[in-house]
Every structure is written in C-alpha cells, then in structure tokens.
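Source file: final-v6.pdb. Holds: PDB, N, CA, C and O atoms.
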```pdb
ATOM      1  N   MET A 744       0.848  -1.184   0.000
ATOM      2  CA  MET A 744       0.000   0.000   0.000
ATOM      3  C   MET A 744       0.880   1.229   0.000
ATOM      4  O   MET A 744       1.802   1.341   0.784
ATOM      5  N   THR A 745       0.574   2.149  -0.876
ATOM      6  CA  THR A 745       1.352   3.380  -0.960
ATOM      7  C   THR A 745       0.502   4.610  -0.668
ATOM      8  O   THR A 745       0.835   5.704  -1.098
ATOM      9  N   ALA A 746      -0.571   4.433   0.051
ATOM     10  CA  ALA A 746      -1.412   5.567   0.427
ATOM     11  C   ALA A 746      -1.578   5.574   1.942
ATOM     12  O   ALA A 746      -1.765   4.527   2.555
ATOM     13  N   PRO A 747      -1.510   6.751   2.549
ATOM     14  CA  PRO A 747      -1.729   6.819   3.992
ATOM     15  C   PRO A 747      -3.179   6.475   4.316
ATOM     16  O   PRO A 747      -4.085   6.742   3.532
ATOM     17  N   VAL A 748      -3.369   5.867   5.482
ATOM     18  CA  VAL A 748      -4.714   5.447   5.866
ATOM     19  C   VAL A 748      -5.206   6.263   7.056
ATOM     20  O   VAL A 748      -6.229   6.934   6.968
ATOM     21  N   GLN A 749      -4.482   6.220   8.169
ATOM     22  CA  GLN A 749      -4.949   6.889   9.384
ATOM     23  C   GLN A 749      -4.123   8.101   9.776
ATOM     24  O   GLN A 749      -4.633   8.997  10.430
ATOM     25  N   VAL A 750      -2.864   8.100   9.422
ATOM     26  CA  VAL A 750      -1.993   9.245   9.724
ATOM     27  C   VAL A 750      -1.227   9.624   8.463
ATOM     28  O   VAL A 750      -0.958   8.771   7.618
ATOM     29  N   PRO A 751      -0.864  10.901   8.326
ATOM     30  CA  PRO A 751      -0.128  11.323   7.137
ATOM     31  C   PRO A 751       1.252  10.672   7.096
ATOM     32  O   PRO A 751       1.851  10.378   8.130
ATOM     33  N   PHE A 752       1.744  10.459   5.893
ATOM     34  CA  PHE A 752       3.086   9.929   5.706
ATOM     35  C   PHE A 752       4.114  11.033   5.923
ATOM     36  O   PHE A 752       3.854  12.221   5.680
ATOM     37  N   HIS A 753       5.308  10.632   6.320
ATOM     38  CA  HIS A 753       6.446  11.544   6.468
ATOM     39  C   HIS A 753       6.863  12.031   5.080
ATOM     40  O   HIS A 753       6.835  11.271   4.105
ATOM     41  N   PRO A 754       7.239  13.309   4.963
ATOM     42  CA  PRO A 754       7.651  13.833   3.657
ATOM     43  C   PRO A 754       8.774  13.026   2.993
ATOM     44  O   PRO A 754       8.814  12.901   1.770
ATOM     45  N   GLY A 755       9.680  12.475   3.776
ATOM     46  CA  GLY A 755      10.760  11.668   3.205
ATOM     47  C   GLY A 755      10.238  10.408   2.534
ATOM     48  O   GLY A 755      10.746  10.000   1.480
ATOM     49  N   LEU A 756       9.228   9.788   3.130
ATOM     50  CA  LEU A 756       8.627   8.609   2.514
ATOM     51  C   LEU A 756       7.913   8.990   1.218
ATOM     52  O   LEU A 756       8.021   8.284   0.214
ATOM     53  N   ILE A 757       7.234  10.111   1.236
ATOM     54  CA  ILE A 757       6.550  10.570   0.024
ATOM     55  C   ILE A 757       7.572  10.816  -1.088
ATOM     56  O   ILE A 757       7.368  10.408  -2.232
ATOM     57  N   ARG A 758       8.671  11.450  -0.737
ATOM     58  CA  ARG A 758       9.721  11.706  -1.727
ATOM     59  C   ARG A 758      10.220  10.385  -2.330
ATOM     60  O   ARG A 758      10.376  10.258  -3.547
ATOM     61  N   LEU A 759      10.450   9.395  -1.491
ATOM     62  CA  LEU A 759      10.893   8.082  -1.969
ATOM     63  C   LEU A 759       9.859   7.455  -2.894
ATOM     64  O   LEU A 759      10.195   6.938  -3.967
ATOM     65  N   LEU A 760       8.602   7.497  -2.498
ATOM     66  CA  LEU A 760       7.542   6.926  -3.326
ATOM     67  C   LEU A 760       7.420   7.669  -4.653
ATOM     68  O   LEU A 760       7.210   7.051  -5.699
ATOM     69  N   GLU A 761       7.564   8.991  -4.613
ATOM     70  CA  GLU A 761       7.523   9.770  -5.857
ATOM     71  C   GLU A 761       8.672   9.379  -6.787
ATOM     72  O   GLU A 761       8.474   9.226  -7.999
ATOM     73  N   GLU A 762       9.854   9.212  -6.213
ATOM     74  CA  GLU A 762      11.020   8.828  -7.015
ATOM     75  C   GLU A 762      10.818   7.479  -7.699
ATOM     76  O   GLU A 762      11.367   7.234  -8.764
ATOM     77  N   ARG A 763      10.038   6.625  -7.083
ATOM     78  CA  ARG A 763       9.784   5.287  -7.630
ATOM     79  C   ARG A 763       8.456   5.204  -8.383
ATOM     80  O   ARG A 763       7.982   4.121  -8.676
ATOM     81  N   ASP A 764       7.881   6.349  -8.667
ATOM     82  CA  ASP A 764       6.579   6.422  -9.352
ATOM     83  C   ASP A 764       5.516   5.577  -8.657
ATOM     84  O   ASP A 764       4.722   4.883  -9.296
ATOM     85  N   MET A 765       5.495   5.671  -7.322
ATOM     86  CA  MET A 765       4.538   4.913  -6.523
ATOM     87  C   MET A 765       3.646   5.835  -5.696
ATOM     88  O   MET A 765       3.090   5.420  -4.684
ATOM     89  N   TRP A 766       3.530   7.090  -6.110
ATOM     90  CA  TRP A 766       2.746   8.072  -5.353
ATOM     91  C   TRP A 766       1.722   8.703  -6.284
ATOM     92  O   TRP A 766       1.921   9.779  -6.833
ATOM     93  N   PRO A 767       0.578   8.034  -6.477
ATOM     94  CA  PRO A 767      -0.445   8.574  -7.381
ATOM     95  C   PRO A 767      -1.175   9.764  -6.754
ATOM     96  O   PRO A 767      -1.088  10.015  -5.548
ATOM     97  N   GLU A 768      -1.909  10.471  -7.575
ATOM     98  CA  GLU A 768      -2.680  11.633  -7.124
ATOM     99  C   GLU A 768      -3.654  11.254  -6.011
ATOM    100  O   GLU A 768      -3.890  12.033  -5.083
ATOM    101  N   SER A 769      -4.209  10.060  -6.071
ATOM    102  CA  SER A 769      -5.152   9.628  -5.028
ATOM    103  C   SER A 769      -4.465   9.545  -3.662
ATOM    104  O   SER A 769      -5.069   9.871  -2.634
ATOM    105  N   SER A 770      -3.207   9.134  -3.645
ATOM    106  CA  SER A 770      -2.460   9.097  -2.384
ATOM    107  C   SER A 770      -2.220  10.506  -1.864
ATOM    108  O   SER A 770      -2.314  10.754  -0.660
ATOM    109  N   GLN A 771      -1.914  11.428  -2.770
ATOM    110  CA  GLN A 771      -1.698  12.817  -2.353
ATOM    111  C   GLN A 771      -2.985  13.421  -1.811
ATOM    112  O   GLN A 771      -2.959  14.160  -0.818
ATOM    113  N   ARG A 772      -4.117  13.116  -2.436
ATOM    114  CA  ARG A 772      -5.400  13.621  -1.923
ATOM    115  C   ARG A 772      -5.646  13.115  -0.505
ATOM    116  O   ARG A 772      -6.047  13.882   0.381
ATOM    117  N   ARG A 773      -5.388  11.828  -0.275
ATOM    118  CA  ARG A 773      -5.581  11.268   1.064
ATOM    119  C   ARG A 773      -4.613  11.913   2.055
ATOM    120  O   ARG A 773      -4.979  12.223   3.188
ATOM    121  N   GLN A 774      -3.380  12.117   1.631
ATOM    122  CA  GLN A 774      -2.383  12.784   2.471
ATOM    123  C   GLN A 774      -2.880  14.171   2.871
ATOM    124  O   GLN A 774      -2.816  14.553   4.039
ATOM    125  N   ASP A 775      -3.396  14.921   1.913
ATOM    126  CA  ASP A 775      -3.903  16.266   2.186
ATOM    127  C   ASP A 775      -5.074  16.229   3.166
ATOM    128  O   ASP A 775      -5.171  17.073   4.068
ATOM    129  N   GLU A 776      -5.959  15.257   3.006
ATOM    130  CA  GLU A 776      -7.092  15.110   3.934
ATOM    131  C   GLU A 776      -6.594  14.843   5.352
ATOM    132  O   GLU A 776      -7.103  15.410   6.325
ATOM    133  N   LEU A 777      -5.608  13.965   5.472
ATOM    134  CA  LEU A 777      -5.085  13.623   6.794
ATOM    135  C   LEU A 777      -4.335  14.794   7.429
ATOM    136  O   LEU A 777      -4.407  14.991   8.644
ATOM    137  N   LEU A 778      -3.643  15.574   6.615
ATOM    138  CA  LEU A 778      -2.966  16.753   7.154
ATOM    139  C   LEU A 778      -3.977  17.782   7.661
ATOM    140  O   LEU A 778      -3.767  18.402   8.716
ATOM    141  N   GLU A 779      -5.078  17.951   6.939
ATOM    142  CA  GLU A 779      -6.133  18.863   7.394
ATOM    143  C   GLU A 779      -6.746  18.354   8.692
ATOM    144  O   GLU A 779      -6.991  19.127   9.625
ATOM    145  N   ARG A 780      -6.982  17.059   8.771
ATOM    146  CA  ARG A 780      -7.535  16.472   9.989
ATOM    147  C   ARG A 780      -6.587  16.690  11.166
ATOM    148  O   ARG A 780      -7.003  16.996  12.281
ATOM    149  N   GLU A 781      -5.297  16.536  10.904
ATOM    150  CA  GLU A 781      -4.293  16.759  11.937
ATOM    151  C   GLU A 781      -4.378  18.197  12.464
ATOM    152  O   GLU A 781      -4.300  18.433  13.673
ATOM    153  N   GLU A 782      -4.553  19.159  11.551
ATOM    154  CA  GLU A 782      -4.688  20.554  11.954
ATOM    155  C   GLU A 782      -5.968  20.763  12.773
ATOM    156  O   GLU A 782      -5.961  21.504  13.767
ATOM    157  N   GLN A 783      -7.057  20.137  12.349
ATOM    158  CA  GLN A 783      -8.320  20.240  13.098
ATOM    159  C   GLN A 783      -8.137  19.694  14.510
ATOM    160  O   GLN A 783      -8.602  20.306  15.482
ATOM    161  N   LEU A 784      -7.494  18.549  14.633
ATOM    162  CA  LEU A 784      -7.270  17.955  15.948
ATOM    163  C   LEU A 784      -6.407  18.853  16.824
ATOM    164  O   LEU A 784      -6.676  19.006  18.025
ATOM    165  N   ALA A 785      -5.408  19.463  16.241
ATOM    166  CA  ALA A 785      -4.544  20.370  17.012
ATOM    167  C   ALA A 785      -5.340  21.563  17.528
ATOM    168  O   ALA A 785      -5.194  21.962  18.692
ATOM    169  N   ARG A 786      -6.197  22.121  16.667
ATOM    170  CA  ARG A 786      -7.039  23.241  17.107
ATOM    171  C   ARG A 786      -8.000  22.789  18.209
ATOM    172  O   ARG A 786      -8.227  23.507  19.185
ATOM    173  N   GLY A 787      -8.568  21.620  18.049
ATOM    174  CA  GLY A 787      -9.480  21.096  19.061
ATOM    175  C   GLY A 787      -8.789  20.861  20.384
ATOM    176  O   GLY A 787      -9.340  21.148  21.450
ATOM    177  N   TRP A 788      -7.584  20.333  20.317
ATOM    178  CA  TRP A 788      -6.845  20.064  21.547
ATOM    179  C   TRP A 788      -6.533  21.369  22.275
ATOM    180  O   TRP A 788      -6.592  21.437  23.496
ATOM    181  N   GLN A 789      -6.241  22.431  21.518
ATOM    182  CA  GLN A 789      -6.008  23.730  22.144
ATOM    183  C   GLN A 789      -7.263  24.206  22.874
ATOM    184  O   GLN A 789      -7.171  24.847  23.921
ATOM    185  N   ALA A 790      -8.421  23.872  22.348
ATOM    186  CA  ALA A 790      -9.683  24.265  22.983
ATOM    187  C   ALA A 790      -9.897  23.537  24.309
ATOM    188  O   ALA A 790     -10.729  23.944  25.119
ATOM    189  N   MET A 791      -9.146  22.485  24.539
ATOM    190  CA  MET A 791      -9.287  21.705  25.773
ATOM    191  C   MET A 791      -8.416  22.242  26.906
ATOM    192  O   MET A 791      -8.436  21.714  28.015
ATOM    193  N   ALA A 792      -7.698  23.321  26.670
ATOM    194  CA  ALA A 792      -6.744  23.848  27.653
ATOM    195  C   ALA A 792      -7.383  24.168  28.998
ATOM    196  O   ALA A 792      -6.756  23.975  30.041
ATOM    197  N   ASP A 793      -8.617  24.636  28.998
ATOM    198  CA  ASP A 793      -9.255  25.040  30.252
ATOM    199  C   ASP A 793     -10.170  23.980  30.844
ATOM    200  O   ASP A 793     -10.837  24.233  31.846
ATOM    201  N   VAL A 794     -10.189  22.800  30.237
ATOM    202  CA  VAL A 794     -11.056  21.722  30.719
ATOM    203  C   VAL A 794     -10.335  20.982  31.841
ATOM    204  O   VAL A 794      -9.151  20.669  31.738
ATOM    205  N   SER A 795     -11.067  20.690  32.905
ATOM    206  CA  SER A 795     -10.459  19.985  34.035
ATOM    207  C   SER A 795     -10.113  18.551  33.650
ATOM    208  O   SER A 795     -10.698  17.971  32.729
ATOM    209  N   ASP A 796      -9.167  17.981  34.359
ATOM    210  CA  ASP A 796      -8.753  16.601  34.091
ATOM    211  C   ASP A 796      -9.931  15.637  34.191
ATOM    212  O   ASP A 796     -10.017  14.685  33.415
ATOM    213  N   ASP A 797     -10.830  15.891  35.118
ATOM    214  CA  ASP A 797     -11.976  15.002  35.316
ATOM    215  C   ASP A 797     -12.943  15.029  34.139
ATOM    216  O   ASP A 797     -13.637  14.051  33.884
ATOM    217  N   GLU A 798     -12.988  16.131  33.437
ATOM    218  CA  GLU A 798     -13.942  16.289  32.333
ATOM    219  C   GLU A 798     -13.300  16.150  30.960
ATOM    220  O   GLU A 798     -13.995  16.196  29.945
ATOM    221  N   LEU A 799     -11.984  15.964  30.925
ATOM    222  CA  LEU A 799     -11.258  15.996  29.657
ATOM    223  C   LEU A 799     -11.707  14.914  28.677
ATOM    224  O   LEU A 799     -11.967  15.206  27.506
ATOM    225  N   ALA A 800     -11.803  13.686  29.116
ATOM    226  CA  ALA A 800     -12.169  12.594  28.200
ATOM    227  C   ALA A 800     -13.535  12.844  27.566
ATOM    228  O   ALA A 800     -13.703  12.702  26.346
ATOM    229  N   ALA A 801     -14.489  13.231  28.354
ATOM    230  CA  ALA A 801     -15.842  13.476  27.832
ATOM    231  C   ALA A 801     -15.855  14.696  26.914
ATOM    232  O   ALA A 801     -16.490  14.678  25.850
ATOM    233  N   ALA A 802     -15.155  15.749  27.307
ATOM    234  CA  ALA A 802     -15.124  16.969  26.492
ATOM    235  C   ALA A 802     -14.445  16.698  25.150
ATOM    236  O   ALA A 802     -14.908  17.164  24.106
ATOM    237  N   TRP A 803     -13.375  15.915  25.167
ATOM    238  CA  TRP A 803     -12.661  15.604  23.928
ATOM    239  C   TRP A 803     -13.532  14.739  23.018
ATOM    240  O   TRP A 803     -13.620  14.989  21.816
ATOM    241  N   ALA A 804     -14.211  13.765  23.565
ATOM    242  CA  ALA A 804     -15.101  12.918  22.765
ATOM    243  C   ALA A 804     -16.220  13.755  22.144
ATOM    244  O   ALA A 804     -16.562  13.572  20.966
ATOM    245  N   THR A 805     -16.777  14.664  22.916
ATOM    246  CA  THR A 805     -17.836  15.537  22.402
ATOM    247  C   THR A 805     -17.307  16.436  21.299
ATOM    248  O   THR A 805     -17.938  16.584  20.251
ATOM    249  N   TRP A 806     -16.133  17.023  21.504
ATOM    250  CA  TRP A 806     -15.557  17.898  20.494
ATOM    251  C   TRP A 806     -15.342  17.133  19.188
ATOM    252  O   TRP A 806     -15.686  17.622  18.111
ATOM    253  N   LYS A 807     -14.766  15.940  19.276
ATOM    254  CA  LYS A 807     -14.504  15.162  18.070
ATOM    255  C   LYS A 807     -15.797  14.805  17.348
ATOM    256  O   LYS A 807     -15.886  14.901  16.119
ATOM    257  N   LYS A 808     -16.830  14.437  18.096
ATOM    258  CA  LYS A 808     -18.109  14.074  17.485
ATOM    259  C   LYS A 808     -18.723  15.272  16.758
ATOM    260  O   LYS A 808     -19.302  15.129  15.685
ATOM    261  N   GLU A 809     -18.571  16.449  17.332
ATOM    262  CA  GLU A 809     -19.170  17.654  16.750
ATOM    263  C   GLU A 809     -18.335  18.286  15.636
ATOM    264  O   GLU A 809     -18.866  19.037  14.818
ATOM    265  N   ASN A 810     -17.042  17.997  15.592
ATOM    266  CA  ASN A 810     -16.161  18.720  14.681
ATOM    267  C   ASN A 810     -15.445  17.894  13.624
ATOM    268  O   ASN A 810     -14.852  18.469  12.707
ATOM    269  N   LEU A 811     -15.481  16.591  13.733
ATOM    270  CA  LEU A 811     -14.810  15.738  12.747
ATOM    271  C   LEU A 811     -15.848  14.976  11.942
ATOM    272  O   LEU A 811     -16.930  14.661  12.434
ATOM    273  N   ASP A 812     -15.495  14.665  10.729
ATOM    274  CA  ASP A 812     -16.429  13.987   9.823
ATOM    275  C   ASP A 812     -16.561  12.495  10.084
ATOM    276  O   ASP A 812     -17.480  11.876   9.577
ATOM    277  N   ASP A 813     -15.643  11.906  10.831
ATOM    278  CA  ASP A 813     -15.706  10.449  11.001
ATOM    279  C   ASP A 813     -16.461  10.003  12.203
ATOM    280  O   ASP A 813     -17.050  10.589  12.946
TER
END
```

Have the structure of the file written as structure tokens, please.
Amino acid sequence: MTAPVQVPFHPGLIRLLEERDMWPESSQRRQDELLEREEQLARGWQAMADVSDDELAAAWATWKKENLDD
C-alpha cells in the first residue's frame, strides 16, 4: 500500500515513493485530507486547555463528534 490510511506519511517517505513512481494523485489527496484532519485535531486540543482533568475525556469525545467527519 502506498497511500496513507490513518496518519499522514512523512515527507521523506513521500519523496521516496515519488522517485519510484509509486505516489499517485489519489495518495496525495488522502495525504492532504489527513494533514487537514491533523490541523483540526490540534485546534481542538487547544480548545481543551481550560477543561479539568476530570472532564477531559468526555469533552474531547464531544468535540470530536461535533467537529470531525468520522
């Protein structure tokens, strides 16, 4: 498999796959989607800064349900 599934690939791996003609446009689209998701998660995690430790798990689950497509 030459397409990222759950996490974005490292740029060095992408470069290697490109050099070997193993990085199709569909893989790049998936990579871009995962990078955007990573940014969304980072923004969401910043929103958790003021949440107490006792409420963090529930608040994070709620945020993900309301803000992510999956």

Between A:Ser769, A:Gln774, A:Gln749, A:Thr805, single out the one closest to Trp788 (chain A), counting only C-alpha atoms.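 Looking only at the distances to Trp788 (chain A), the closest residue turns out to be A:Thr805.
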
How many Å lie between CA of Ala746 (chain A) and CA of Arg758 (chain A), rounded to one decimal? 12.9 Å

Tell me which of A:Trp766, A:Val750, A:Leu759, A:Lys808 sits closest to Glu779 (chain A), counting only C-alpha atoms. A:Val750

What lies within 12 Å of Pro751 (chain A) using only C-alpha atoms, ignoring chain neighbours under 2 positions off, as a list in words?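 Near Pro751 (chain A), the qualifying residues are Thr745, Ala746, Pro747, Val748, Gln749, His753, Pro754, Gly755, Leu756, Ile757, Ser770, Gln771, Arg772, Arg773, Gln774, Asp775, Glu776, Leu777, Leu778, Glu779, Arg780, Glu781 and Glu782 of chain A.
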
d(CA of Leu760 (chain A), atom C of Asp812 (chain A)) in Å: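 So the answer is 28.1 Å.
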
Axis-aligned box over every listed atom of region 761-780 of chain A, padded by 8 Å per side: centre and edges in Å to one decimal, as lines of an AutoDock Vina configuration file?
```
center_x = 1.9
center_y = 11.6
center_z = 1.5
size_x = 34.9
size_y = 31.0
size_z = 37.6
```

Suppose you want the space between CA of Arg786 (chain A) and CA of Glu809 (chain A); what is it in Å?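 CA of Arg786 (chain A) sits 13.4 Å away from CA of Glu809 (chain A).
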
Which of chain A fall in alpha helix (DSSP H), as a PyMOL selection string: chain A and resi 754-762+768-790+796-810

So that I can check the surroundings of Met791 (chain A), please list as a list in words every protein, DNA and RNA residue that reaches within 8 Å of it, counting only C-alpha atoms and ignoring chain neighbours fewer than 6 positions away.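 After dropping sequence-adjacent residues, the list is Leu799, Ala802 and Trp803 of chain A.
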